[in-house]
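J.: This is the content of final_32.txt (compact mmCIF, C-alpha atoms):
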```
# COMPACT_ATOMS: atom_id res chain seq x y z
CA MET A 1 38.49 120.98 59.19
CA ARG A 2 39.36 122.93 56.07
CA PRO A 3 36.37 123.76 53.88
CA PRO A 4 36.32 121.89 50.57
CA SER A 5 37.66 123.62 47.49
CA VAL A 6 35.01 125.55 45.62
CA ASP A 7 36.73 124.76 42.33
CA VAL A 8 36.90 121.03 43.08
CA ILE A 9 33.19 120.93 43.90
CA ALA A 10 32.30 122.94 40.78
CA ARG A 11 34.27 120.56 38.56
CA GLN A 12 32.45 117.56 40.04
CA LEU A 13 29.17 119.16 38.94
CA ALA A 14 30.19 119.51 35.30
CA TYR A 15 27.80 116.66 34.39
CA THR A 16 24.86 119.09 34.83
CA GLY A 17 25.90 120.92 31.67
CA LEU A 18 25.66 124.31 33.39
CA PRO A 19 28.33 126.96 32.70
CA HIS A 20 31.26 126.76 35.12
CA ALA A 21 30.42 130.19 36.55
CA LEU A 22 27.01 128.96 37.72
CA LEU A 23 28.56 125.83 39.22
CA VAL A 24 31.02 127.99 41.15
CA ASP A 25 28.07 130.00 42.52
CA ALA A 26 26.40 126.79 43.69
CA ALA A 27 29.62 125.52 45.25
CA ARG A 28 30.30 128.78 47.07
CA SER A 29 26.75 128.86 48.43
CA ALA A 30 27.09 125.27 49.67
CA VAL A 31 30.44 125.91 51.35
CA ALA A 32 29.17 129.08 53.00
CA ALA A 33 26.23 127.13 54.44
CA GLY A 34 28.63 125.01 56.50
CA ALA A 35 28.59 121.24 57.04
CA PRO A 36 31.70 120.58 54.88
CA GLU A 37 30.98 116.88 54.62
CA SER A 38 27.70 117.61 52.77
CA ALA A 39 28.92 120.55 50.67
CA LEU A 40 29.00 118.51 47.48
CA ASP A 41 25.49 117.18 47.99
CA ARG A 42 24.19 120.65 48.82
CA ALA A 43 25.92 122.13 45.76
CA ARG A 44 24.50 119.35 43.60
CA ARG A 45 20.98 120.14 44.75
CA GLU A 46 21.47 123.85 44.10
CA ALA A 47 22.94 123.25 40.65
CA GLU A 48 20.13 120.87 39.71
CA ALA A 49 17.58 123.42 40.94
CA VAL A 50 19.14 126.07 38.70
CA SER A 51 19.04 123.67 35.75
CA ARG A 52 15.39 122.79 36.36
CA ALA A 53 14.45 126.48 36.48
CA LEU A 54 15.77 127.12 32.96
CA LEU A 55 13.38 127.18 30.03
CA ARG A 56 13.06 123.69 28.57
CA PRO A 57 10.57 121.60 26.61
CA VAL A 58 7.93 119.81 28.68
CA ILE A 59 5.16 117.34 27.91
CA ASN A 60 1.77 118.91 28.52
CA ALA A 61 -0.53 116.17 29.80
CA THR A 62 -2.84 118.53 31.69
CA GLY A 63 -5.66 118.54 29.17
CA VAL A 64 -5.43 122.35 28.90
CA LEU A 65 -4.64 123.00 25.26
CA LEU A 66 -3.56 126.62 25.72
CA HIS A 67 -1.85 126.41 29.09
CA THR A 68 -0.62 129.86 30.08
CA ASN A 69 2.08 128.48 32.38
CA LEU A 70 3.34 126.27 29.56
CA GLY A 71 3.59 128.96 26.90
CA ARG A 72 0.04 128.66 25.55
CA ALA A 73 -0.07 127.54 21.91
CA PRO A 74 2.69 125.11 20.96
CA ILE A 75 4.42 126.28 17.80
CA ALA A 76 6.49 124.41 15.25
CA ALA A 77 9.26 126.76 14.14
CA SER A 78 12.42 126.17 12.18
CA ILE A 79 14.55 129.29 11.79
CA GLU A 80 17.65 129.17 9.63
CA PRO A 81 20.76 130.70 11.27
CA ARG A 82 21.08 133.55 8.80
CA PRO A 83 19.72 137.10 8.38
CA SER A 84 16.25 137.73 6.95
CA ASN A 85 14.71 140.52 4.91
CA LEU A 86 12.91 141.78 8.01
CA GLU A 87 13.03 145.43 6.96
CA LEU A 88 14.52 145.20 3.49
CA ASP A 89 12.58 145.50 0.25
CA LEU A 90 14.25 142.89 -1.94
CA ALA A 91 12.74 144.41 -5.08
CA THR A 92 14.24 147.88 -4.60
CA GLY A 93 17.09 147.23 -2.19
CA ARG A 94 15.75 149.97 0.05
CA ARG A 95 14.47 149.83 3.59
CA GLY A 96 11.18 148.00 3.81
CA SER A 97 8.52 147.50 6.48
CA ARG A 98 8.22 144.59 8.85
CA GLU A 99 4.45 144.97 8.48
CA ARG A 100 4.56 143.71 4.90
CA ASN A 101 4.99 140.07 5.88
CA ALA A 102 3.13 138.52 8.82
CA ALA A 103 0.83 141.49 9.41
CA ALA A 104 -0.28 141.71 5.79
CA LEU A 105 -0.95 137.97 5.66
CA LEU A 106 -2.98 138.07 8.87
CA ALA A 107 -5.00 140.99 7.51
CA ARG A 108 -5.79 138.95 4.42
CA ALA A 109 -6.80 135.93 6.50
CA ALA A 110 -9.04 138.04 8.76
CA GLY A 111 -10.67 140.03 5.98
CA ALA A 112 -9.13 143.29 7.22
CA GLU A 113 -7.75 146.18 5.20
CA ALA A 114 -4.55 146.20 7.23
CA ALA A 115 -2.97 144.80 10.38
CA LEU A 116 -0.19 145.60 12.82
CA VAL A 117 1.69 143.20 15.11
CA VAL A 118 2.87 144.09 18.63
CA ASN A 119 4.26 141.97 21.44
CA ASN A 120 1.03 140.83 23.17
CA GLY A 121 -2.71 141.32 23.36
CA ALA A 122 -2.64 143.91 26.15
CA ALA A 123 -0.11 145.93 24.14
CA ALA A 124 -2.48 145.92 21.18
CA VAL A 125 -5.26 147.43 23.29
CA LEU A 126 -2.87 149.94 24.88
CA LEU A 127 -1.55 151.10 21.51
CA VAL A 128 -5.01 151.53 20.00
CA LEU A 129 -6.27 153.53 22.97
CA ALA A 130 -3.15 155.70 23.17
CA THR A 131 -3.37 156.44 19.44
CA LEU A 132 -7.08 157.02 19.01
CA ALA A 133 -8.36 158.14 22.41
CA ARG A 134 -5.65 159.86 24.44
CA GLY A 135 -7.26 162.68 26.44
CA ARG A 136 -10.76 161.63 25.39
CA ALA A 137 -13.50 159.37 26.69
CA VAL A 138 -13.81 155.66 25.91
CA VAL A 139 -17.12 153.97 26.68
CA VAL A 140 -17.06 150.42 28.09
CA SER A 141 -19.82 148.28 29.56
CA ARG A 142 -19.35 147.50 33.27
CA GLY A 143 -19.85 143.85 32.41
CA GLU A 144 -16.74 143.98 30.20
CA LEU A 145 -14.22 145.57 32.55
CA VAL A 146 -12.27 142.35 32.65
CA GLU A 147 -9.13 141.35 34.49
CA ILE A 148 -6.70 139.29 32.44
CA GLY A 149 -3.81 137.09 33.59
CA GLY A 150 -1.31 138.53 36.05
CA GLY A 151 -3.82 140.95 37.55
CA PHE A 152 -3.87 143.39 34.62
CA ARG A 153 -7.23 145.08 34.28
CA ILE A 154 -8.87 146.86 31.36
CA PRO A 155 -9.41 150.08 33.40
CA GLU A 156 -5.70 150.16 34.26
CA VAL A 157 -4.62 149.60 30.65
CA LEU A 158 -7.03 152.32 29.59
CA ASP A 159 -5.68 154.69 32.24
CA GLN A 160 -2.09 154.14 31.09
CA SER A 161 -3.11 155.01 27.54
CA GLY A 162 -4.21 158.47 28.64
CA ALA A 163 -7.84 157.85 27.72
CA ARG A 164 -10.71 158.47 30.12
CA LEU A 165 -12.96 155.56 31.07
CA VAL A 166 -16.71 156.02 30.95
CA GLU A 167 -18.55 153.02 32.40
CA VAL A 168 -22.08 152.23 31.28
CA GLY A 169 -24.75 149.74 32.28
CA THR A 170 -24.41 147.24 35.08
CA THR A 171 -22.39 144.09 35.58
CA ASN A 172 -25.09 141.89 34.08
CA ARG A 173 -27.13 144.20 31.82
CA THR A 174 -26.09 146.92 29.38
CA ARG A 175 -28.42 148.32 26.73
CA PRO A 176 -27.96 150.51 23.62
CA ALA A 177 -29.59 153.38 25.52
CA ASP A 178 -26.79 153.27 28.09
CA TYR A 179 -24.22 153.82 25.36
CA ALA A 180 -26.33 156.51 23.67
CA GLN A 181 -26.59 158.48 26.90
CA ALA A 182 -22.82 158.29 27.43
CA ILE A 183 -22.17 159.37 23.83
CA SER A 184 -24.39 162.41 24.28
CA ALA A 185 -22.77 163.38 27.57
CA HIS A 186 -19.08 162.66 26.86
CA ASP A 187 -18.47 162.77 23.08
CA PRO A 188 -16.22 159.65 23.25
CA ALA A 189 -13.38 158.91 20.87
CA LEU A 190 -14.58 155.35 20.55
CA LEU A 191 -16.68 152.55 22.00
CA LEU A 192 -14.66 149.61 23.35
CA LYS A 193 -16.23 146.14 23.23
CA VAL A 194 -14.31 143.61 25.34
CA HIS A 195 -14.91 139.90 24.98
CA GLN A 196 -15.46 138.15 28.34
CA SER A 197 -12.87 135.58 27.41
CA ASN A 198 -12.00 134.09 30.80
CA TYR A 199 -15.40 133.98 32.50
CA ARG A 200 -19.12 133.96 31.81
CA ILE A 201 -22.04 135.90 33.21
CA THR A 202 -25.24 133.86 32.98
CA GLY A 203 -28.84 134.32 34.03
CA PHE A 204 -30.53 137.74 33.89
CA THR A 205 -28.15 139.32 31.36
CA GLU A 206 -28.15 141.64 28.37
CA SER A 207 -25.33 143.04 26.23
CA VAL A 208 -24.99 145.03 23.02
CA ASP A 209 -23.42 143.39 19.98
CA VAL A 210 -20.96 145.07 17.64
CA ALA A 211 -23.49 145.74 14.88
CA ALA A 212 -25.76 147.61 17.30
CA LEU A 213 -22.83 149.60 18.69
CA VAL A 214 -21.75 150.64 15.20
CA ARG A 215 -25.17 152.21 14.58
CA LEU A 216 -24.60 154.56 17.52
CA GLY A 217 -21.93 156.56 15.66
CA PRO A 218 -18.45 156.53 17.25
CA PRO A 219 -15.84 154.04 15.99
CA VAL A 220 -16.08 150.63 17.63
CA VAL A 221 -12.96 148.77 18.72
CA ALA A 222 -13.51 145.13 19.70
CA ASP A 223 -10.95 143.37 21.88
CA LEU A 224 -11.57 139.73 20.95
CA GLY A 225 -8.75 138.36 23.07
CA SER A 226 -8.60 134.78 21.86
CA GLY A 227 -7.70 135.30 18.22
CA LEU A 228 -10.24 133.26 16.27
CA LEU A 229 -9.83 134.49 12.68
CA ASP A 230 -13.03 133.24 11.10
CA ALA A 231 -16.09 131.66 12.73
CA GLY A 232 -16.45 129.42 9.67
CA THR A 233 -13.01 127.84 10.32
CA PRO A 234 -12.33 127.18 6.61
CA TRP A 235 -8.98 125.67 7.61
CA LEU A 236 -10.80 122.73 9.25
CA ALA A 237 -12.22 120.05 6.97
CA GLY A 238 -15.01 119.29 9.43
CA GLY A 239 -16.07 122.88 9.95
CA PRO A 240 -16.23 124.70 13.29
CA PRO A 241 -16.28 122.46 16.39
CA ALA A 242 -19.20 122.88 18.78
CA TRP A 243 -17.07 124.40 21.56
CA LEU A 244 -16.38 127.46 19.36
CA ALA A 245 -20.05 128.41 19.05
CA SER A 246 -19.89 131.44 21.37
CA GLU A 247 -16.42 132.66 20.41
CA PRO A 248 -16.29 135.96 18.45
CA ALA A 249 -14.12 135.96 15.32
CA ALA A 250 -12.13 138.72 13.66
CA ARG A 251 -13.64 138.40 10.17
CA GLN A 252 -17.25 138.48 11.34
CA THR A 253 -16.61 141.28 13.85
CA LEU A 254 -15.07 143.48 11.16
CA ALA A 255 -17.91 142.60 8.77
CA ALA A 256 -20.35 143.76 11.46
CA GLY A 257 -18.74 147.21 11.26
CA ALA A 258 -16.01 147.31 13.90
CA ALA A 259 -13.31 149.80 12.96
CA LEU A 260 -10.61 147.68 14.59
CA VAL A 261 -10.24 144.34 16.31
CA THR A 262 -7.43 143.32 18.65
CA PHE A 263 -6.48 139.78 19.60
CA SER A 264 -3.65 137.53 20.77
CA GLY A 265 -1.34 135.49 18.59
CA ASP A 266 -0.77 132.61 21.01
CA LYS A 267 -4.33 131.57 21.78
CA LEU A 268 -6.83 130.31 19.20
CA LEU A 269 -4.65 131.72 16.44
CA GLY A 270 -2.13 129.04 17.41
CA GLY A 271 1.01 131.13 16.91
CA PRO A 272 3.66 132.77 19.10
CA GLN A 273 2.95 135.36 21.78
CA ALA A 274 1.92 138.53 19.98
CA GLY A 275 -0.87 141.06 19.77
CA ILE A 276 -2.62 141.91 16.51
CA VAL A 277 -4.46 145.09 15.57
CA ALA A 278 -6.54 144.63 12.41
CA GLY A 279 -9.13 146.66 10.58
CA ALA A 280 -9.41 150.00 8.78
CA ARG A 281 -6.19 150.88 6.98
CA GLU A 282 -6.16 154.53 8.07
CA LEU A 283 -6.55 153.65 11.76
CA VAL A 284 -3.95 150.86 11.62
CA SER A 285 -1.54 153.29 9.94
CA ARG A 286 -2.08 155.81 12.72
CA CYS A 287 -1.29 153.13 15.30
CA ALA A 288 1.85 152.16 13.39
CA ARG A 289 3.09 155.78 13.46
CA HIS A 290 2.60 156.19 17.22
CA PRO A 291 5.86 156.23 19.25
CA LEU A 292 4.60 153.32 21.35
CA ALA A 293 4.49 151.10 18.25
CA ARG A 294 8.27 150.85 18.17
CA ALA A 295 8.47 150.10 21.89
CA LEU A 296 5.86 147.36 21.57
CA ARG A 297 6.92 145.77 18.31
CA PRO A 298 8.02 142.10 18.25
CA GLY A 299 11.28 140.76 16.89
CA GLY A 300 12.02 138.86 13.73
CA LEU A 301 11.63 135.41 15.32
CA VAL A 302 8.05 136.15 16.36
CA LEU A 303 7.20 137.61 12.96
CA ALA A 304 8.68 134.59 11.18
CA CYS A 305 6.55 132.23 13.29
CA LEU A 306 3.46 134.37 12.72
CA GLN A 307 4.14 134.39 8.99
CA ASP A 308 4.21 130.58 8.93
CA THR A 309 0.97 130.50 10.95
CA ALA A 310 -0.76 132.99 8.64
CA LEU A 311 0.34 131.10 5.53
CA ALA A 312 -1.16 127.91 6.98
CA TYR A 313 -4.50 129.69 7.42
CA LEU A 314 -4.40 131.04 3.88
CA ARG A 315 -3.67 127.51 2.60
CA ARG A 316 -6.60 126.32 4.73
CA ASP A 317 -4.22 123.83 6.31
CA GLY A 318 -5.29 123.48 9.93
CA ASP A 319 -3.12 120.38 10.33
CA ALA A 320 -0.04 122.58 9.99
CA ILE A 321 -0.99 124.41 13.21
CA PRO A 322 -0.27 122.26 16.30
CA PHE A 323 -3.11 123.75 18.33
CA TRP A 324 -5.74 122.82 15.77
CA ARG A 325 -4.30 119.33 15.39
CA MET A 326 -4.70 118.82 19.14
CA ALA A 327 -8.13 120.43 19.35
CA THR A 328 -9.71 118.47 16.51
CA ALA A 329 -8.18 115.01 16.96
CA PRO A 330 -11.08 112.49 17.10
CA VAL A 331 -11.60 111.23 20.64
CA GLU A 332 -11.33 107.65 19.35
CA VAL A 333 -7.80 108.38 18.14
CA VAL A 334 -6.85 109.92 21.48
CA GLU A 335 -8.28 106.91 23.31
CA ALA A 336 -6.32 104.48 21.12
CA ARG A 337 -3.10 106.36 21.85
CA ALA A 338 -3.80 106.19 25.59
CA ALA A 339 -4.35 102.43 25.39
CA ALA A 340 -1.15 101.97 23.38
CA LEU A 341 0.94 103.43 26.20
CA GLY A 342 0.52 100.16 28.09
CA VAL A 343 0.51 101.72 31.54
CA GLY A 344 -2.20 102.81 33.96
CA ARG A 345 -5.93 102.73 33.27
CA VAL A 346 -7.43 104.30 30.17
CA VAL A 347 -10.18 106.73 31.19
CA GLY A 348 -12.43 109.22 29.49
CA CYS A 349 -11.92 112.85 30.45
CA ASP A 350 -12.53 116.41 29.28
CA SER A 351 -9.92 118.77 27.87
CA VAL A 352 -10.42 122.54 27.86
CA PRO A 353 -9.24 125.18 25.35
CA GLY A 354 -7.58 127.26 28.09
CA ALA A 355 -5.95 130.72 28.18
CA GLY A 356 -9.31 132.44 28.48
CA SER A 357 -10.63 130.92 25.25
CA ALA A 358 -14.18 129.54 25.10
CA PRO A 359 -14.72 129.68 28.87
CA GLY A 360 -16.82 126.85 30.25
CA GLU A 361 -16.46 124.74 27.11
CA THR A 362 -14.92 121.26 27.12
CA ILE A 363 -13.58 118.87 24.49
CA PRO A 364 -14.08 115.10 24.96
CA SER A 365 -10.76 113.37 25.47
CA ALA A 366 -9.06 110.30 26.94
CA GLY A 367 -6.09 109.74 29.16
CA VAL A 368 -4.24 107.44 31.53
CA ALA A 369 -5.01 107.33 35.26
CA ILE A 370 -2.60 106.13 37.95
CA ASP A 371 -3.52 105.89 41.63
CA GLY A 372 -1.80 108.42 43.86
CA ASP A 373 -0.33 111.85 43.32
CA HIS A 374 2.74 111.43 41.12
CA THR A 375 2.78 114.94 39.63
CA GLY A 376 5.93 115.95 41.51
CA ALA A 377 7.89 112.94 40.31
CA LEU A 378 6.69 113.46 36.75
CA ARG A 379 7.78 117.10 36.81
CA ALA A 380 11.24 116.00 37.96
CA GLY A 381 11.73 113.75 34.93
CA ASP A 382 13.56 114.44 31.71
CA PRO A 383 11.64 115.72 29.91
CA PRO A 384 9.29 116.98 32.63
CA VAL A 385 5.72 115.72 32.32
CA ILE A 386 3.02 118.09 33.55
CA ALA A 387 -0.11 116.15 34.54
CA ARG A 388 -3.04 116.85 36.83
CA VAL A 389 -4.33 115.17 39.95
CA ALA A 390 -7.90 114.81 41.19
CA GLU A 391 -9.38 112.71 43.99
CA GLY A 392 -6.09 110.97 44.64
CA VAL A 393 -5.53 109.95 41.01
CA THR A 394 -2.90 111.28 38.61
CA LEU A 395 -4.33 111.83 35.14
CA ALA A 396 -2.34 112.30 31.93
CA ASP A 397 -4.64 113.66 29.21
CA LEU A 398 -3.41 112.52 25.79
CA ARG A 399 -5.18 115.25 23.80
CA THR A 400 -2.57 117.82 24.80
CA VAL A 401 0.39 115.49 24.22
CA ASP A 402 2.12 115.52 20.84
CA PRO A 403 1.89 111.97 19.43
CA ALA A 404 5.66 112.13 18.86
CA ASP A 405 6.04 112.24 22.66
CA ASP A 406 3.88 109.19 23.43
CA ALA A 407 6.89 106.91 23.99
CA LEU A 408 8.48 109.44 26.36
CA LEU A 409 5.19 109.78 28.23
CA ALA A 410 4.83 106.01 28.53
CA LYS A 411 8.33 105.74 29.98
CA ALA A 412 7.67 108.52 32.49
CA LEU A 413 4.35 107.04 33.60
CA ALA A 414 5.85 103.57 33.92
CA SER A 415 8.54 104.95 36.21
CA VAL A 416 5.93 106.11 38.74
CA ALA A 417 3.13 103.57 38.17
CA GLY A 418 4.49 100.78 40.36
CA GLY A 419 1.87 98.07 40.47
CA ASP A 420 -0.79 100.17 38.72
CA ARG A 421 -0.74 98.32 35.40
CA PRO A 422 -3.57 97.82 32.89
```
Show the structure stored in the file as structure tokens.

T.:
Amino acid sequence: MRPPSVDVIARQLAYTGLPHALLVDAARSAVAAGAPESALDRARREAEAVSRALLRPVINATGVLLHTNLGRAPIAASIEPRPSNLELDLATGRRGSRERNAAALLARAAGAEAALVVNNGAAAVLLVLATLARGRAVVVSRGELVEIGGGFRIPEVLDQSGARLVEVGTTNRTRPADYAQAISAHDPALLLKVHQSNYRITGFTESVDVAALVRLGPPVVADLGSGLLDAGTPWLAGGPPAWLASEPAARQTLAAGAALVTFSGDKLLGGPQAGIVAGARELVSRCARHPLARALRPGGLVLACLQDTALAYLRRDGDAIPFWRMATAPVEVVEARAAALGVGRVVGCDSVPGAGSAPGETIPSAGVAIDGDHTGALRAGDPPVIARVAEGVTLADLRTVDPADDALLAKALASVAGGDRP
């Protein structure tokens, strides 16, 4: 039997919307696998698998507000298809600096003299260490030698910067005297304070706060990780929510004397993936002049999104930032939305901030429960719905779902609910 035509099979898969070249690849793979009578079906499965693997919008019903696998903070961006004055000074017509827009606004919002934007939080730490401590010692508490997502560890980032790690204290207890002894013995370039953003050490513990570290002499750099700008949350009408109580903020950390703070743009800041260095103008300028700064800088799309985010903070308009809308929605409103879906059973549940922010803290929420594990079928839908399953029940948490997607979520849940109706 002659094998089917690759071109014929590829043309029958045009409905997938994939480029013809990718459909030809799927067809060739199917034909090469044999079983000519099933080549079309095999090619269809391969083409659909390729399509599903592409980046696409999903509905986050997991209850994790900053879900790392789902891009962390959702952002609302509208970019016009035209050039921008990214590095052009419109007043003079000469070359300008990309740090005059988003970075300057973030500095203002955080109470910093200056700020610099790079492509992620780890890059911010790497750049600061490479600029200020290459070839010199950096003192870090053993209880703060954290590992972040993807297996990247603070000691490894520090090593790549060319700085030399000096560990002090123990996993659970570090005192000012531990730092003082290390300062006397190693003459460090700086003291690095790392927020334990994705875990907690409880019980017999002791740590040294930024204000106490500053009194020891060397510059203090605080890696805050999560990107809370101000502990007072002036952008929220109701003030800071209880789950933020233990989260360090950029403004207060700088006010306590830190020379620099570093944090992420796509966590509690609620913007796109980025890393921010903020603090003393002279130190930020040194970081900006380092050769790594160009390699680590973000593009215009990221800076445009960050600019919109920073402007919302300066307007004190938390509702303009999708993360804060999700995080602060009254539980009664979330519960009413769950009931309005008309499918499954409305249940109380707990959402979490996620992405290493406020570890151990929860936010009261409500969702829809359906008996059985339907997460696979929900992921296969259009748009895919990402839910969670526990004790044989599929749960869709409404706090992390944009209200504009409620109708889509209801349709997806109805398609898998069967007889599980309210």

J.: Please compute the atom CA of A:Thr309-atom CA of A:Gly270 distance, one decimal, in Å.

T.: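 According to the coordinates, atom CA of A:Thr309 and atom CA of A:Gly270 are separated by 7.3 Å.
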
J.: Could you please determine the separation between atom CA of A:Asn119 and atom CA of A:Pro298 in Å, to one decimal place?

T.: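 We find that atom CA of A:Asn119 and atom CA of A:Pro298 lie 4.9 Å from each other.
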
J.: Can you list, as a PyMOL selection string, every protein, DNA or RNA residue that comes within 12 Å of A:Ala377 when you count all atoms listed in the file, leaving out same-chain residues fewer than 5 positions away?

T.: chain A and resi 372+382-387+394+412-417

J.: Would you mind exporting the chosen residues as a CSV table (one decimal), in the coordinates of the input, restricted to C-alpha atoms?

T.:
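The resulting out-v6.csv:
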```
chain,number,residue,atom,x,y,z
A,372,GLY,CA,-1.8,108.4,43.9
A,382,ASP,CA,13.6,114.4,31.7
A,383,PRO,CA,11.6,115.7,29.9
A,384,PRO,CA,9.3,117.0,32.6
A,385,VAL,CA,5.7,115.7,32.3
A,386,ILE,CA,3.0,118.1,33.6
A,387,ALA,CA,-0.1,116.2,34.5
A,394,THR,CA,-2.9,111.3,38.6
A,412,ALA,CA,7.7,108.5,32.5
A,413,LEU,CA,4.4,107.0,33.6
A,414,ALA,CA,5.8,103.6,33.9
A,415,SER,CA,8.5,105.0,36.2
A,416,VAL,CA,5.9,106.1,38.7
A,417,ALA,CA,3.1,103.6,38.2
```

J.: Of the candidates A:Val221, A:Leu378, A:Leu13, A:Ala180, which shows the shortest atom-to-atom distance to A:Arg45, using only C-alpha atoms?

T.: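 Using only C-alpha atoms, A:Arg45 sits closest to A:Leu13.
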
J.: May I ask for the distance between atom CA of A:Glu206 and atom CA of A:Leu145, given in Å to one decimal place?

T.: 15.1 Å

J.: Using all atoms listed in the file, which of A:Val146, A:Ala32, A:Ala211, A:Leu165 sits nearest A:Pro4?

T.: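 Checking each candidate against A:Pro4, we get A:Ala32 as the closest.
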
J.: Show which residues sit within 8 Å of A:Pro364, as number ranges by chain. Count only C-alpha atoms, and ignore same-chain residues fewer than 3 positions away.

T.: A: 331, 348-351

J.: I need the residue nearest A:Ala212 from this list: A:Arg315, A:Lys193, A:Arg337, A:Arg286. Use all atoms listed in the file for the distance.

T.: A:Lys193

J.: Enumerate, as a list in words, the protein, DNA and RNA residues whose atoms approach (-9.1, 114.1, 16.1) to within 12 Å, taking into account only C-alpha atoms and the coordinate frame of the file.

T.: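 Those residues, ordered by chain and then number, are Leu236, Ala237, Gly238, Pro241, Gly318, Asp319, Phe323, Trp324, Arg325, Met326, Ala327, Thr328, Ala329, Pro330, Val331, Glu332, Val333, Val334, Glu335, Ala336, Arg337, Ile363, Pro364, Ser365, Ala366, Leu398, Arg399, Thr400 and Pro403 of chain A.
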
J.: Return the single residue from A:Ala26, A:Ala407, A:Leu105, A:Leu296 that is closest to A:Leu229, with distances computed using only C-alpha atoms.

T.: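 Of all the options, A:Leu105 lies closest to A:Leu229.
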
J.: Kindly indicate which residue among A:Ser285, A:Gln12, A:Thr92, A:Thr233 lies nearest to A:Gln252, using all atoms listed in the file for the distances.

T.: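 Between A:Ser285, A:Gln12, A:Thr92, A:Thr233, the residue approaching A:Gln252 most closely is A:Thr233.
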
J.: Kindly indicate which residue among A:Arg175, A:Arg345, A:Arg100, A:Lys267 lies nearest to A:Leu88, using all atoms listed in the file for the distances.

T.: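 Closest residue, counting all atoms listed in the file: A:Arg100.
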
J.: Is it possible to get the residues within 12 Å of (-18.5, 130.3, 18.5) (coordinates as in the file, counting only C-alpha atoms) written as a list in words?

T.: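 Protein and nucleic acid residues near the point are Ser197, Leu224, Ser226, Gly227, Leu228, Leu229, Asp230, Ala231, Gly232, Thr233, Gly239, Pro240, Pro241, Ala242, Trp243, Leu244, Ala245, Ser246, Glu247, Pro248, Ala249, Ala250, Gln252, Leu268, Ser357, Ala358, Pro359 and Glu361 of chain A.
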
J.: Which residues, written as a list in words, have at least one atom at most 10 Å from A:Ala115, with all atoms listed in the file counted and residues fewer than 5 positions away on the same chain left out?

T.: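 That gives Glu99, Arg100, Ala102, Ala103, Ala104, Leu105, Leu106, Ala107, Arg108, Ala110, Leu260, Val261, Thr262, Ile276, Val277, Ala278, Gly279, Ala280, Arg281, Leu283, Val284, Ser285, Cys287 and Ala288 of chain A.
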
J.: What's the 6 Å shell around A:Gly367, counting all atoms listed in the file, without same-chain residues fewer than 2 positions away, as a ChimeraX atom specification?

T.: /A:338,346-347,396-398

J.: I need the residues from that last selection saved to file as a PDB file, in the frame of the given file (with C-alpha atoms), if you can.

T.:
```pdb
ATOM      1  CA  ALA A 338      -3.800 106.190  25.590  1.00  0.00           C
ATOM      2  CA  VAL A 346      -7.430 104.300  30.170  1.00  0.00           C
ATOM      3  CA  VAL A 347     -10.180 106.730  31.190  1.00  0.00           C
ATOM      4  CA  ALA A 396      -2.340 112.300  31.930  1.00  0.00           C
ATOM      5  CA  ASP A 397      -4.640 113.660  29.210  1.00  0.00           C
ATOM      6  CA  LEU A 398      -3.410 112.520  25.790  1.00  0.00           C
TER       7      LEU A 398
END
```

J.: Which residues are close to A:Asn101, i.e. within 12 Å by only C-alpha atoms, leaving aside same-chain residues fewer than 3 positions away? Reply as an MDAnalysis selection string.

T.: chainID A and resid 84:89 96:98 104:108 114:117 300 302:311

J.: Using the incomplete input, complete stretch 246-255 of chain A to the level of N, CA and C atoms; output as a compact mmCIF listing (two decimals), keeping the file's coordinate frame.

T.:
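The new file selection.txt reads:
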```txt
# COMPACT_ATOMS: atom_id res chain seq x y z
N SER A 246 -19.70 130.12 20.77
CA SER A 246 -19.89 131.44 21.37
C SER A 246 -18.67 132.34 21.25
N GLU A 247 -17.67 131.91 20.49
CA GLU A 247 -16.42 132.66 20.41
C GLU A 247 -16.48 133.66 19.26
N PRO A 248 -16.28 134.97 19.53
CA PRO A 248 -16.29 135.96 18.45
C PRO A 248 -15.06 135.81 17.56
N ALA A 249 -15.22 136.12 16.28
CA ALA A 249 -14.12 135.96 15.32
C ALA A 249 -13.81 137.30 14.65
N ALA A 250 -12.58 137.46 14.24
CA ALA A 250 -12.13 138.72 13.66
C ALA A 250 -12.89 139.06 12.38
N ARG A 251 -12.99 138.11 11.46
CA ARG A 251 -13.64 138.40 10.17
C ARG A 251 -15.08 138.85 10.36
N GLN A 252 -15.84 138.14 11.16
CA GLN A 252 -17.25 138.48 11.34
C GLN A 252 -17.43 139.78 12.13
N THR A 253 -16.52 140.04 13.07
CA THR A 253 -16.61 141.28 13.85
C THR A 253 -16.33 142.49 12.97
N LEU A 254 -15.35 142.39 12.09
CA LEU A 254 -15.07 143.48 11.16
C LEU A 254 -16.22 143.64 10.16
N ALA A 255 -16.78 142.53 9.70
CA ALA A 255 -17.91 142.60 8.77
C ALA A 255 -19.12 143.26 9.41
```
